[in-house]
Each structure stands twice: as C-alpha cells, then as structure tokens.
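Student: File name model26.tsv; file contents TSV, C-alpha atoms; full text below.
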chain	number	residue	atom	x	y	z
X	1065	MET	CA	32.67	24.34	103.23
X	1066	ASN	CA	29.17	24.41	101.74
X	1067	LYS	CA	28.26	23.45	98.18
X	1068	ALA	CA	27.64	27.07	97.15
X	1069	THR	CA	31.18	28.07	98.10
X	1070	VAL	CA	32.68	25.07	96.28
X	1071	SER	CA	30.66	25.95	93.18
X	1072	TYR	CA	31.85	29.57	93.32
X	1073	PHE	CA	35.50	28.50	93.54
X	1074	LEU	CA	35.11	26.12	90.62
X	1075	GLN	CA	33.57	28.92	88.59
X	1076	ILE	CA	36.59	31.12	89.29
X	1077	PHE	CA	38.97	28.35	88.21
X	1078	SER	CA	37.02	27.78	84.99
X	1079	GLU	CA	37.18	31.49	84.11
X	1080	ALA	CA	41.01	31.44	84.20
X	1081	ARG	CA	41.13	29.85	80.73
X	1082	CYS	CA	44.55	31.19	79.68
X	1083	ILE	CA	46.07	29.88	76.42
X	1084	GLN	CA	49.54	31.32	77.20
X	1085	CYS	CA	49.64	33.63	74.16
X	1086	GLY	CA	51.58	36.27	76.10
X	1087	ARG	CA	49.71	39.34	74.89
X	1088	CYS	CA	49.25	40.41	78.50
X	1089	LEU	CA	53.05	40.66	78.91
X	1090	GLU	CA	53.10	43.64	76.56
X	1091	VAL	CA	50.75	45.73	78.71
X	1092	CYS	CA	51.11	44.56	82.32
X	1093	PRO	CA	52.76	47.30	84.48
X	1094	VAL	CA	54.00	44.74	87.01
X	1095	PHE	CA	55.75	42.70	84.32
X	1096	LEU	CA	57.21	45.84	82.72
X	1097	VAL	CA	58.68	46.84	86.09
X	1098	THR	CA	59.97	43.47	87.22
X	1099	ASN	CA	60.46	41.55	83.93
X	1100	ALA	CA	59.54	38.49	85.99
X	1101	GLU	CA	57.45	35.91	84.14
X	1102	GLU	CA	56.17	34.46	87.42
X	1103	LEU	CA	54.49	37.81	88.20
X	1104	SER	CA	52.72	38.11	84.85
X	1105	PRO	CA	48.94	37.84	84.37
X	1106	ARG	CA	49.29	34.52	82.56
X	1107	ALA	CA	51.27	33.13	85.49
X	1108	LYS	CA	48.43	34.18	87.81
X	1109	ALA	CA	45.96	32.46	85.48
X	1110	VAL	CA	47.95	29.23	85.66
X	1111	LEU	CA	48.10	29.58	89.42
X	1112	LEU	CA	44.34	30.00	89.63
X	1113	GLN	CA	43.81	27.03	87.32
X	1114	ASN	CA	45.93	24.71	89.45
X	1115	MET	CA	45.89	26.03	92.99
X	1116	ASP	CA	44.24	23.68	95.47
X	1117	PHE	CA	42.01	26.31	97.01
X	1118	LEU	CA	39.47	23.78	98.17
X	1119	ALA	CA	42.03	22.28	100.54
X	1120	ARG	CA	43.28	25.68	101.63
X	1121	VAL	CA	39.82	26.91	102.53
X	1122	GLN	CA	39.57	24.12	105.07
X	1123	SER	CA	42.85	25.20	106.69
X	1124	SER	CA	43.19	28.06	109.16
X	1125	GLY	CA	41.74	31.39	108.16
X	1126	SER	CA	45.01	33.22	108.82
X	1127	ARG	CA	46.95	30.91	106.52
X	1128	LEU	CA	44.51	31.43	103.66
X	1129	THR	CA	44.43	35.18	104.24
X	1130	ASN	CA	48.23	35.34	104.01
X	1131	ASN	CA	48.21	33.37	100.75
X	1132	VAL	CA	45.50	35.51	99.21
X	1133	ARG	CA	47.20	38.68	100.41
X	1134	ALA	CA	50.47	37.64	98.74
X	1135	LEU	CA	48.66	36.91	95.48
X	1136	ALA	CA	46.77	40.22	95.59
X	1137	GLY	CA	50.00	42.13	96.10
X	1138	LEU	CA	51.26	41.03	92.70
X	1139	CYS	CA	48.57	42.84	90.69
X	1140	VAL	CA	48.15	46.57	90.10
X	1141	GLY	CA	44.51	46.02	89.10
X	1142	CYS	CA	44.70	48.17	85.97
X	1143	GLY	CA	42.73	45.74	83.79
X	1144	ARG	CA	45.00	46.17	80.77
X	1145	CYS	CA	45.54	42.41	80.51
X	1146	ALA	CA	41.79	41.79	80.29
X	1147	ARG	CA	41.42	44.31	77.45
X	1148	VAL	CA	43.97	42.55	75.22
X	1149	CYS	CA	43.23	38.93	76.20
X	1150	PRO	CA	41.73	36.90	73.29
X	1151	GLN	CA	40.13	34.61	75.89
X	1152	GLN	CA	38.71	37.56	77.85
X	1153	VAL	CA	40.38	36.39	81.06
X	1154	ASN	CA	40.06	39.16	83.64
X	1155	ILE	CA	42.74	38.51	86.28
X	1156	PRO	CA	41.93	41.55	88.49
X	1157	ALA	CA	38.27	40.50	88.61
X	1158	LEU	CA	39.19	36.91	89.49
X	1159	LEU	CA	41.52	38.06	92.26
X	1160	SER	CA	38.73	40.28	93.58
X	1161	LYS	CA	36.42	37.25	93.80
X	1162	ILE	CA	39.11	35.19	95.54
X	1163	LYS	CA	39.69	37.97	98.08
X	1164	SER	CA	35.97	38.25	98.74
X	1165	LEU	CA	35.92	34.60	99.86
X	1166	SER	CA	39.01	34.81	102.04
X	1167	PRO	CA	38.37	34.57	105.80
X	1168	GLY	CA	39.89	37.53	107.58
X	1169	TRP	CA	40.60	39.52	104.41
X	1170	LYS	CA	37.90	42.08	105.10
X	1171	ASP	CA	39.17	42.83	108.60
X	1172	TRP	CA	42.76	43.03	107.35
X	1173	PHE	CA	41.84	45.48	104.60
X	1174	TRP	CA	39.71	47.74	106.82
X	1175	GLU	CA	42.50	47.88	109.39
X	1176	ARG	CA	44.87	49.26	106.77
X	1177	LEU	CA	42.26	51.49	105.17
X	1178	ILE	CA	41.78	53.22	108.52
X	1179	LYS	CA	45.56	53.49	108.96
X	1180	TYR	CA	46.41	54.73	105.48
X	1181	GLY	CA	43.11	56.04	104.10
X	1182	PHE	CA	43.94	59.73	104.11
X	1183	CYS	CA	40.47	60.89	103.12
X	1184	VAL	CA	39.80	61.20	106.86
X	1185	ALA	CA	42.33	64.04	106.97
X	1186	THR	CA	39.86	66.76	106.00
X	1187	GLN	CA	40.49	68.92	109.06
X	1188	ASP	CA	43.58	71.12	109.33
X	1189	TRP	CA	44.42	69.94	112.85
X	1190	LEU	CA	44.58	66.28	111.73
X	1191	GLU	CA	47.58	66.71	109.43
X	1192	PRO	CA	50.24	67.43	112.08
X	1193	VAL	CA	48.82	64.63	114.25
X	1194	LEU	CA	48.87	62.04	111.46
X	1195	SER	CA	52.30	63.17	110.24
X	1196	MET	CA	53.89	62.03	113.49
X	1197	PHE	CA	53.03	58.41	112.66
X	1198	LEU	CA	53.81	58.35	108.94
X	1199	SER	CA	56.90	57.55	106.90
X	1200	ALA	CA	58.38	60.19	104.58
X	1201	GLY	CA	56.70	58.57	101.58
X	1202	ARG	CA	53.30	58.56	103.25
X	1203	LYS	CA	53.70	62.20	104.30
X	1204	LYS	CA	54.02	63.15	100.62
X	1205	TYR	CA	50.60	61.65	99.98
X	1206	LEU	CA	49.12	63.50	102.91
X	1207	THR	CA	50.63	66.77	101.68
X	1208	ALA	CA	49.36	66.16	98.14
X	1209	LEU	CA	45.93	65.40	99.54
X	1210	ARG	CA	45.63	68.29	101.96
X	1211	ARG	CA	47.34	71.02	99.92
X	1212	PRO	CA	46.73	70.53	96.20
X	1213	GLU	CA	48.89	72.62	93.90
X	1214	THR	CA	46.83	75.37	92.35
X	1215	ALA	CA	47.81	76.03	88.75
X	1216	ARG	CA	47.19	79.43	87.19
X	1217	PRO	CA	44.16	78.77	84.97
X	1218	TRP	CA	44.80	79.45	81.28
X	1219	LEU	CA	41.88	77.75	79.51
X	1220	LYS	CA	38.55	79.46	78.78
X	1221	ILE	CA	35.54	77.28	77.94
X	1222	LYS	CA	32.48	79.15	76.69
X	1223	GLY	CA	29.23	78.34	74.92
X	1224	ARG	CA	25.70	77.11	75.49
X	1225	ALA	CA	24.35	73.57	75.59
X	1226	PRO	CA	22.03	72.69	72.69
X	1227	GLU	CA	19.45	71.53	75.25
X	1228	ALA	CA	19.11	72.46	78.90
X	1229	GLU	CA	19.55	68.91	80.16
X	1230	ARG	CA	19.16	68.15	83.84
X	1231	VAL	CA	22.48	66.94	85.22
X	1232	VAL	CA	23.94	66.11	88.63
X	1233	VAL	CA	27.64	65.96	89.48
X	1234	PHE	CA	29.25	62.91	91.05
X	1235	PRO	CA	32.49	64.32	92.54
X	1236	GLY	CA	33.96	61.11	93.93
X	1237	CYS	CA	35.50	60.74	97.39
X	1238	LEU	CA	38.54	62.93	96.68
X	1239	GLY	CA	36.51	65.56	94.87
X	1240	ARG	CA	33.98	65.69	97.67
X	1241	PHE	CA	36.13	65.55	100.82
X	1242	ALA	CA	39.67	66.60	99.89
X	1243	TRP	CA	39.39	68.75	96.76
X	1244	PRO	CA	35.99	70.50	96.83
X	1245	HIS	CA	37.41	73.16	94.50
X	1246	LEU	CA	37.11	70.60	91.67
X	1247	GLN	CA	33.43	70.08	92.39
X	1248	GLU	CA	32.86	73.83	92.54
X	1249	LYS	CA	34.61	74.34	89.19
X	1250	ALA	CA	32.71	71.49	87.55
X	1251	GLU	CA	29.36	72.81	88.76
X	1252	LYS	CA	30.09	76.39	87.72
X	1253	LEU	CA	31.30	75.28	84.29
X	1254	LEU	CA	28.14	73.28	83.69
X	1255	LYS	CA	25.94	76.18	84.81
X	1256	ASN	CA	27.76	78.60	82.51
X	1257	LEU	CA	27.23	76.20	79.62
X	1258	GLY	CA	23.47	76.26	80.26
X	1259	TYR	CA	22.85	72.89	81.88
X	1260	GLU	CA	20.19	72.59	84.56
X	1261	LEU	CA	22.33	71.61	87.53
X	1262	LEU	CA	20.69	69.71	90.38
X	1263	PRO	CA	22.02	69.82	93.97
X	1264	THR	CA	24.73	67.25	94.62
X	1265	PRO	CA	23.33	64.61	97.01
X	1266	ASP	CA	25.20	62.72	99.72
X	1267	TRP	CA	26.61	60.15	97.29
X	1268	ALA	CA	28.28	56.97	98.51
X	1269	CYS	CA	31.59	55.79	97.02
X	1270	CYS	CA	31.50	54.80	93.34
X	1271	GLY	CA	32.50	51.32	94.53
X	1272	PHE	CA	35.57	50.86	92.36
X	1273	THR	CA	38.10	50.61	95.20
X	1274	PHE	CA	35.84	48.26	97.16
X	1275	LYS	CA	35.58	45.97	94.14
X	1276	SER	CA	39.32	45.89	93.53
X	1277	ALA	CA	39.83	45.10	97.22
X	1278	GLY	CA	37.37	42.21	97.10
X	1279	LEU	CA	34.83	43.95	99.35
X	1280	LEU	CA	31.94	43.11	97.05
X	1281	GLU	CA	29.22	43.56	99.68
X	1282	GLU	CA	30.39	47.13	100.30
X	1283	GLU	CA	30.39	47.75	96.56
X	1284	LYS	CA	26.78	46.59	96.26
X	1285	ARG	CA	25.76	48.67	99.28
X	1286	CYS	CA	27.23	51.81	97.65
X	1287	GLN	CA	25.48	51.01	94.38
X	1288	GLN	CA	22.14	50.72	96.15
X	1289	ILE	CA	22.61	54.03	98.00
X	1290	ASN	CA	23.58	55.87	94.82
X	1291	PHE	CA	20.70	54.37	92.86
X	1292	SER	CA	18.20	55.47	95.54
X	1293	LEU	CA	19.60	59.02	95.65
X	1294	TRP	CA	19.47	59.23	91.86
X	1295	GLU	CA	15.84	58.11	91.79
X	1296	ARG	CA	14.90	60.78	94.35
X	1297	LEU	CA	16.41	63.41	92.06
X	1298	GLY	CA	14.14	62.30	89.23
X	1299	ARG	CA	16.71	60.24	87.29
X	1300	PRO	CA	18.85	63.02	85.77
X	1301	LYS	CA	22.02	62.62	83.74
X	1302	ILE	CA	25.06	61.85	85.93
X	1303	VAL	CA	28.44	63.41	85.17
X	1304	THR	CA	31.71	62.85	86.98
X	1305	PHE	CA	35.14	64.44	86.51
X	1306	CYS	CA	37.02	61.31	87.64
X	1307	ALA	CA	37.71	58.56	85.09
X	1308	THR	CA	37.94	55.86	87.75
X	1309	CYS	CA	34.68	56.95	89.38
X	1310	GLU	CA	33.16	56.87	85.92
X	1311	GLN	CA	34.21	53.24	85.57
X	1312	GLY	CA	32.97	52.43	89.06
X	1313	LEU	CA	29.55	53.91	88.27
X	1314	LEU	CA	29.40	52.01	84.99
X	1315	ASN	CA	29.91	48.81	87.00
X	1316	SER	CA	26.56	49.44	88.70
X	1317	SER	CA	24.19	46.49	88.76
X	1318	PHE	CA	21.34	48.91	87.91
X	1319	ALA	CA	21.07	49.14	84.11
X	1320	GLU	CA	18.95	52.31	84.15
X	1321	PHE	CA	21.55	54.05	86.31
X	1322	GLN	CA	24.32	53.08	83.88
X	1323	GLN	CA	22.37	54.45	80.91
X	1324	HIS	CA	22.17	57.92	82.49
X	1325	ILE	CA	25.92	58.37	82.95
X	1326	VAL	CA	27.33	60.98	80.55
X	1327	PHE	CA	30.97	61.77	79.88
X	1328	PHE	CA	32.21	65.26	80.71
X	1329	ASP	CA	33.89	65.70	77.35
X	1330	ASN	CA	30.53	65.06	75.64
X	1331	LEU	CA	28.98	67.92	77.60
X	1332	LEU	CA	31.75	70.19	76.26
X	1333	ALA	CA	31.20	69.15	72.64
X	1334	THR	CA	29.60	72.43	71.52
X	1335	ALA	CA	31.73	74.70	73.71
X	1336	ALA	CA	34.44	77.00	72.34
X	1337	TRP	CA	37.92	76.72	73.86
X	1338	GLU	CA	40.23	79.73	74.13
X	1339	ILE	CA	43.72	80.13	75.57
X	1340	ASP	CA	44.73	82.99	77.85
X	1341	THR	CA	48.01	83.91	76.15
X	1342	ASP	CA	49.01	86.16	79.04
X	1343	ILE	CA	49.42	83.04	81.19
X	1344	PHE	CA	50.00	80.21	78.74
X	1345	GLN	CA	53.49	80.39	77.25
X	1346	SER	CA	54.51	78.83	73.95
X	1347	ASP	CA	57.26	76.78	75.60
X	1348	PHE	CA	54.85	75.00	77.96
X	1349	ARG	CA	54.81	71.25	77.36
X	1350	ILE	CA	51.41	69.75	78.15
X	1351	LEU	CA	51.29	66.00	78.76
X	1352	TRP	CA	48.09	64.02	79.20
X	1353	HIS	CA	48.14	61.13	81.66
X	1354	LYS	CA	45.60	58.58	80.52
X	1355	PRO	CA	44.17	56.71	83.54
X	1356	CYS	CA	44.20	52.92	83.21
X	1357	HIS	CA	40.43	52.83	83.69
X	1358	ALA	CA	39.60	55.60	81.23
X	1359	ARG	CA	37.71	54.95	78.03
X	1360	GLU	CA	39.84	53.66	75.17
X	1361	HIS	CA	39.62	56.82	73.02
X	1362	GLU	CA	39.56	59.37	75.85
X	1363	PHE	CA	42.96	60.89	75.04
X	1364	LYS	CA	42.12	61.47	71.37
X	1365	LEU	CA	38.94	63.32	72.34
X	1366	TRP	CA	40.80	65.67	74.68
X	1367	GLN	CA	43.66	66.05	72.19
X	1368	LYS	CA	41.28	67.30	69.49
X	1369	LYS	CA	39.71	69.82	71.88
X	1370	PHE	CA	43.07	71.22	72.97
X	1371	GLU	CA	44.42	71.38	69.42
X	1372	LYS	CA	41.41	73.43	68.31
X	1373	ALA	CA	42.39	75.92	71.01
X	1374	GLY	CA	45.98	75.96	69.73
X	1375	VAL	CA	47.59	73.74	72.38
X	1376	LYS	CA	49.56	70.63	71.51
X	1377	LEU	CA	48.63	67.79	73.85
X	1378	ASP	CA	50.98	64.81	74.07
X	1379	LEU	CA	50.35	61.40	75.62
X	1380	ASN	CA	52.74	60.20	78.31
X	1381	LYS	CA	53.40	56.82	76.61
X	1382	ASP	CA	50.33	55.39	78.33
X	1383	TYR	CA	52.19	54.16	81.43
X	1384	CYS	CA	50.39	53.30	84.67
X	1385	CYS	CA	50.93	55.77	87.54
X	1386	GLY	CA	50.96	52.95	90.09
X	1387	LEU	CA	48.03	53.92	92.31
X	1388	GLY	CA	46.04	50.85	91.33
X	1389	GLY	CA	42.77	51.26	93.22
X	1390	SER	CA	43.49	49.54	96.54
X	1391	LEU	CA	47.14	48.80	95.70
X	1392	GLN	CA	48.39	51.65	97.92
X	1393	ILE	CA	46.89	49.79	100.84
X	1394	GLU	CA	47.60	46.21	99.75
X	1395	ALA	CA	51.10	46.49	98.29
X	1396	ARG	CA	52.56	50.00	98.53
X	1397	ASP	CA	56.12	48.89	97.59
X	1398	LEU	CA	54.88	47.55	94.26
X	1399	SER	CA	52.89	50.74	93.76
X	1400	ARG	CA	56.08	52.75	94.22
X	1401	GLN	CA	57.99	50.55	91.76
X	1402	VAL	CA	55.38	51.13	89.07
X	1403	SER	CA	55.40	54.85	89.86
X	1404	ASP	CA	59.20	55.06	89.61
X	1405	PHE	CA	59.04	53.30	86.23
X	1406	PHE	CA	56.44	55.83	85.09
X	1407	TRP	CA	58.64	58.85	85.86
X	1408	LEU	CA	61.83	57.18	84.58
X	1409	ASN	CA	60.30	56.78	81.13
X	1410	LEU	CA	58.98	60.32	80.75
X	1411	ASP	CA	60.76	63.03	78.81
X	1412	ILE	CA	60.09	65.98	81.11
X	1413	ASN	CA	61.55	69.38	81.94
X	1414	SER	CA	60.76	72.39	84.12
X	1415	LYS	CA	58.06	73.51	81.64
X	1416	THR	CA	56.18	70.20	81.74
X	1417	HIS	CA	52.61	70.29	82.99
X	1418	ILE	CA	50.83	66.93	83.33
X	1419	LEU	CA	47.03	66.85	83.16
X	1420	SER	CA	44.69	63.97	83.92
X	1421	SER	CA	41.00	63.16	84.23
X	1422	CYS	CA	41.30	60.91	87.30
X	1423	ASN	CA	41.34	62.26	90.86
X	1424	GLY	CA	43.31	59.26	92.14
X	1425	CYS	CA	45.93	59.50	89.40
X	1426	VAL	CA	46.40	63.20	90.17
X	1427	LEU	CA	46.98	62.36	93.84
X	1428	GLN	CA	49.51	59.63	92.96
X	1429	LEU	CA	51.39	61.81	90.46
X	1430	ARG	CA	51.55	64.77	92.85
X	1431	ALA	CA	52.88	62.60	95.67
X	1432	THR	CA	55.61	61.00	93.53
X	1433	ARG	CA	56.53	63.71	90.99
X	1434	PRO	CA	59.93	65.36	90.56
X	1435	GLU	CA	59.92	68.83	92.13
X	1436	HIS	CA	60.14	70.69	88.82
X	1437	VAL	CA	57.04	69.04	87.28
X	1438	GLN	CA	53.52	70.38	87.74
X	1439	VAL	CA	50.51	68.04	87.95
X	1440	SER	CA	46.88	69.14	87.71
X	1441	HIS	CA	43.40	67.86	87.14
X	1442	TRP	CA	42.21	69.34	83.84
X	1443	LEU	CA	39.51	71.33	85.67
X	1444	GLU	CA	42.21	73.26	87.55
X	1445	ILE	CA	43.44	74.97	84.38
X	1446	VAL	CA	39.93	76.17	83.46
X	1447	LYS	CA	39.27	79.84	84.16
X	1448	GLN	CA	36.04	80.49	86.02
X	1449	GLU	CA	33.80	83.04	84.39
X	1450	ALA	CA	31.89	85.51	86.54
What would you get if you wrote out this structure as structure tokens?

Tutor:
Amino acid sequence: MNKATVSYFLQIFSEARCIQCGRCLEVCPVFLVTNAEELSPRAKAVLLQNMDFLARVQSSGSRLTNNVRALAGLCVGCGRCARVCPQQVNIPALLSKIKSLSPGWKDWFWERLIKYGFCVATQDWLEPVLSMFLSAGRKKYLTALRRPETARPWLKIKGRAPEAERVVVFPGCLGRFAWPHLQEKAEKLLKNLGYELLPTPDWACCGFTFKSAGLLEEEKRCQQINFSLWERLGRPKIVTFCATCEQGLLNSSFAEFQQHIVFFDNLLATAAWEIDTDIFQSDFRILWHKPCHAREHEFKLWQKKFEKAGVKLDLNKDYCCGLGGSLQIEARDLSRQVSDFFWLNLDINSKTHILSSCNGCVLQLRATRPEHVQVSHWLEIVKQEA
C-alpha cells in the first residue's frame, strides 16, 4: 500500500472523533428500527477509530470488500446524525470514503446496479421481461416506476415573476427517464409564471447516489459534465424539483455552479395559490413527507404556501422513508425495515394523500404504501393552465 493511501486512511480515522454523547441515537433511522446500540452512528465511529484497516487492506480484496459491504449495509445514509453531531462527525461521508478505497467494491456495486437499477425499464416491452426475474417486493418498485399514480390535480398556481430570469430545469434521473410528466409540468409552470426557460440539456446524474455508494470518480465525472453543459447555456439559474438532486448539485466542486442553484419554492414566492374545490374535498388529509436530504426549513415554507390557499398541511413526524440513496442496492432488507417503521408510525386513512419534493422518496413510498393511501410528487397536484 502506498503512502498516499495510508495517509487517506489515517485522515478518515481522525475524522471519526466521536465523544459518545448519544445525540445521534435520537435521529438515526437504523437505531430507531433496531434499537441496537451496536448499529448506531456512534458505534460506527468507534469502529472506524479502532478498526485495523491498514492490515486489512493488505489482505485479499474479496475479504476487505465483504467487510466494507457489511459495514455499509448498516447505514441508511440519511445524514441526520451529522446534522446533530456537536463534533460534526459525518458517518455516511466517512463510509463513502472507505467504500471508495475498497478493492472490488466498484464492480460489486455496478453488478447490482445493473440488476436492480430499474431506470433502464423505460420501454414498455422491458417490464414483462424483467418481472420474470424479480421478487414480489421488487415488482412493486418496477410497477411504481413504470406506472406512476396520476392524482387529479386540485392546485392552481398563477402569477408573474418579478423579473424574467433565465432558468433551466434539472429533472433528475427519475424525472428525465421514468416520469417525464414531472419535467413537462415543471417547465410549463415556470413558463406560465414568466420565467425565460432554456432547453433542458442532456444532464448527467446529480451524483448523490454515486457519492453515497462510494463511487467518487463517477460523482466527479457527472459534476464535470453538468458544469460544462451549464456553461454552454450561458450560466443560467438551475432549478430542480427533486430535493435529493438539489443536494447532489449543491455538492458540486464548482462553486459558481452551486451559486446558480435556486429552490423551486423561491420561484413560486410571488405566485397566487388557489384550490379547485370541485376536486379537493374538505375531508382530505394532506401529509408532507420531508426528504432526509431536504433543506432544514423546507416543510415550513411549503406549509405556509398551502395554508394561504386554505389547505392544512401536516408533517409525517419526519421519519425516513428508507430509500437511502444506494441503500436499495446495498442493503434492501434494512431499507424495508425502515420503510415498515415509517408506515407503522403514521396516522393514515383512506383520505390521506402524501406529498413530497423528492423523486426517490415518491418512488419508495409508492412501492411500499398501503393500498388505500395515495402518494404524489407535489407537481402532480398542480393543474396545468392552457
């Protein structure tokens, strides 16, 4: 092992400076589900502080890959522990670095991404073919991906932007390949509000899933592609309707690119919201699912907008949906446990409609929801004006 690799490992160990305060236990979805101290973020920090990785790196690649894989499977990657840690220890980020150094990890991950990455199923004929090789649980994801539930739109958003800013939409992988209706709605809404909408280029992935999976080279490659495309467009404002994509774009190593990312709710600041009372019934219960990677005050911003339109918006106790970036590929059983915990702790009925601002969360909730609950991206309830 060369000196650079040794130095990188030692840096990772030094960053795991846990003081065992236990604040992470209050927010970690894995700990909430299992109540197992050994699976908590602070336990992972202790493991990273004391694990003899230098010796393991010199052992067989398969042995190290298995050890890293087991460690990775114990984290949902939500980042909640990092946000409350007084020492600013970021366990998901440290695990990502460890995975990036693991021999064989990249090949193992790509093998499963090809097997379970359903974004390839964009053609109608692929669904029956793939279904023959999938478990019942996986088929639900494929169905949720290929045939999104279409809610009857009941929200009208009207107005004009104070300035005709030049904006370009970043739809994300799901919004681009699986749910193009979301991109179409976002673009039409922005046009109707008076923004100068530029053509959507052939964006690469936001990079968030690659980072959580430890594929840091792929993340950097995507960042470079997106930066180049943005420059060719003349450096406009960038808006996305996916909270996780938003976070992935904000992780860009290009500072100028980061500074041009605008939040969708900010673009709606001057718009008037109206409810179609012929569709929206007073007994509807609207829950907002806050994605783990959304901005801290996102829910309050949406809540104020809905309340001005006369709709009460409740938060779903801020539980993780269980998707976890690459967790569906790395540790799907743990993902399901977190998802089951999510639904078990919700007070829902046949009139419950859950909204979210994250494409991935919408996919996870649709694939795991009880039959009587409706799940939508917030754009799907917006009525398109002629």

Student: Between X:Asn1256, X:Gln1323, X:Ser1399, X:Thr1207, which is the closest to Ala1431 in chain X once you count only C-alpha atoms?

Tutor: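 Ranked by minimum distance to Ala1431 in chain X, first place goes to X:Thr1207.
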
Student: Using all atoms listed in the file, which of X:Ser1166, X:Ser1390, X:Ser1346, X:Asn1099 sits nearest Cys1142 in chain X?

Tutor: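 Among the listed residues, X:Ser1390 lies closest to Cys1142 in chain X.
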
Student: Suppose you want the space between CA of Val1439 in chain X and CA of Thr1264 in chain X; what is it in Å?

Tutor: 26.6 Å

Student: Is it possible to get the axis-aligned box enclosing range 1382-1389 of chain X (all listed atoms, 6 Å extra per side) as JSON, with centre and edge lengths in Å rounded to one decimal?

Tutor:
{"center_x": 47.5, "center_y": 53.3, "center_z": 85.8, "size_x": 21.4, "size_y": 16.9, "size_z": 26.9}

Student: I'd like the contact shell of Gln1367 in chain X - 10 Å cut-off, all atoms listed in the file, skipping same-chain residues fewer than 2 positions apart - returned as an MDAnalysis selection string.

Tutor: chainID X and resid 1352 1362:1365 1369:1372 1375:1379

Student: Would you please work out which residue, of X:Val1097, X:Leu1238, X:Val1091, X:Ala1268, is nearest to Cys1356 in chain X when using only C-alpha atoms?

Tutor: X:Val1091

Student: Restricting the calculation to all atoms listed in the file, which member of X:Lys1447, X:His1245, X:Lys1381, X:Arg1433 is positioned closest to Lys1204 in chain X?

Tutor: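 Of X:Lys1447, X:His1245, X:Lys1381, X:Arg1433, the one nearest Lys1204 in chain X is X:Arg1433, counting all atoms listed in the file.
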
Student: What does the distance from CA of Thr1098 in chain X to CA of Cys1384 in chain X come to in Å, to one decimal?

Tutor: 14.0 Å

Student: To one decimal in Å, tell me the separation between CA of Val1094 in chain X and CA of Thr1273 in chain X.

Tutor: 18.8 Å

Student: Please list as a VMD selection string every residue within 7 Å of Ala1373 in chain X, counting all atoms listed in the file and excluding residues in the same chain fewer than 6 positions away.

Tutor: chain X and resid 1337 to 1339

Student: Counting all atoms listed in the file, which residues of range 1278-1316 of chain X sit at most 10 Å from some atom of range 1239-1242 of chain X, and what is each one's closest atom pair with its distance in Å to one decimal, listed by chain and rising residue number, as a Markdown table?

Tutor:
| residue | atom | partner | partner_atom | distance |
| --- | --- | --- | --- | --- |
| X:Thr1304 | CA | X:Gly1239 | CA | 9.6 |
| X:Phe1305 | CA | X:Gly1239 | CA | 8.5 |
| X:Cys1306 | CA | X:Gly1239 | CA | 8.4 |

Student: For range 1246-1253 of chain X, work out the shell of residues within 12 Å, counting all atoms listed in the file and skipping chain neighbours fewer than 5 positions away, then give it as number ranges by chain.

Tutor: X: 1212, 1214, 1217, 1219-1225, 1231-1241, 1258-1264, 1303-1306, 1328-1329, 1331-1332, 1335, 1421-1423, 1426, 1440-1450

Student: For the selection you just gave me, I'd like the residues written to a file as a short mmCIF file (atom, residue, chain, number, x, y, z; two decimals), keeping the file's coordinate frame, keeping C-alpha atoms.

Tutor:
data_model
loop_
_atom_site.label_atom_id
_atom_site.label_comp_id
_atom_site.auth_asym_id
_atom_site.auth_seq_id
_atom_site.Cartn_x
_atom_site.Cartn_y
_atom_site.Cartn_z
CA PRO X 1212 46.73 70.53 96.20
CA THR X 1214 46.83 75.37 92.35
CA PRO X 1217 44.16 78.77 84.97
CA LEU X 1219 41.88 77.75 79.51
CA LYS X 1220 38.55 79.46 78.78
CA ILE X 1221 35.54 77.28 77.94
CA LYS X 1222 32.48 79.15 76.69
CA GLY X 1223 29.23 78.34 74.92
CA ARG X 1224 25.70 77.11 75.49
CA ALA X 1225 24.35 73.57 75.59
CA VAL X 1231 22.48 66.94 85.22
CA VAL X 1232 23.94 66.11 88.63
CA VAL X 1233 27.64 65.96 89.48
CA PHE X 1234 29.25 62.91 91.05
CA PRO X 1235 32.49 64.32 92.54
CA GLY X 1236 33.96 61.11 93.93
CA CYS X 1237 35.50 60.74 97.39
CA LEU X 1238 38.54 62.93 96.68
CA GLY X 1239 36.51 65.56 94.87
CA ARG X 1240 33.98 65.69 97.67
CA PHE X 1241 36.13 65.55 100.82
CA GLY X 1258 23.47 76.26 80.26
CA TYR X 1259 22.85 72.89 81.88
CA GLU X 1260 20.19 72.59 84.56
CA LEU X 1261 22.33 71.61 87.53
CA LEU X 1262 20.69 69.71 90.38
CA PRO X 1263 22.02 69.82 93.97
CA THR X 1264 24.73 67.25 94.62
CA VAL X 1303 28.44 63.41 85.17
CA THR X 1304 31.71 62.85 86.98
CA PHE X 1305 35.14 64.44 86.51
CA CYS X 1306 37.02 61.31 87.64
CA PHE X 1328 32.21 65.26 80.71
CA ASP X 1329 33.89 65.70 77.35
CA LEU X 1331 28.98 67.92 77.60
CA LEU X 1332 31.75 70.19 76.26
CA ALA X 1335 31.73 74.70 73.71
CA SER X 1421 41.00 63.16 84.23
CA CYS X 1422 41.30 60.91 87.30
CA ASN X 1423 41.34 62.26 90.86
CA VAL X 1426 46.40 63.20 90.17
CA SER X 1440 46.88 69.14 87.71
CA HIS X 1441 43.40 67.86 87.14
CA TRP X 1442 42.21 69.34 83.84
CA LEU X 1443 39.51 71.33 85.67
CA GLU X 1444 42.21 73.26 87.55
CA ILE X 1445 43.44 74.97 84.38
CA VAL X 1446 39.93 76.17 83.46
CA LYS X 1447 39.27 79.84 84.16
CA GLN X 1448 36.04 80.49 86.02
CA GLU X 1449 33.80 83.04 84.39
CA ALA X 1450 31.89 85.51 86.54
#

Student: Extract, using all atoms listed in the file, all DNA, RNA and protein residues at most 9 Å from Arg1087 in chain X, discarding same-chain residues fewer than 2 positions from it, and format them as a count of residues only.

Tutor: 9

Student: Using all atoms listed in the file, pick whichever of X:Gly1168, X:Gly1424, X:Gly1389, X:Pro1300 has the shortest atom-to-atom distance to His1353 in chain X.

Tutor: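 Between X:Gly1168, X:Gly1424, X:Gly1389, X:Pro1300, the residue approaching His1353 in chain X most closely is X:Gly1424.
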
Student: Which is closest to Leu1138 in chain X among X:Leu1279, X:Cys1286, X:Leu1398, X:Leu1314, if we use all atoms listed in the file?

Tutor: X:Leu1398
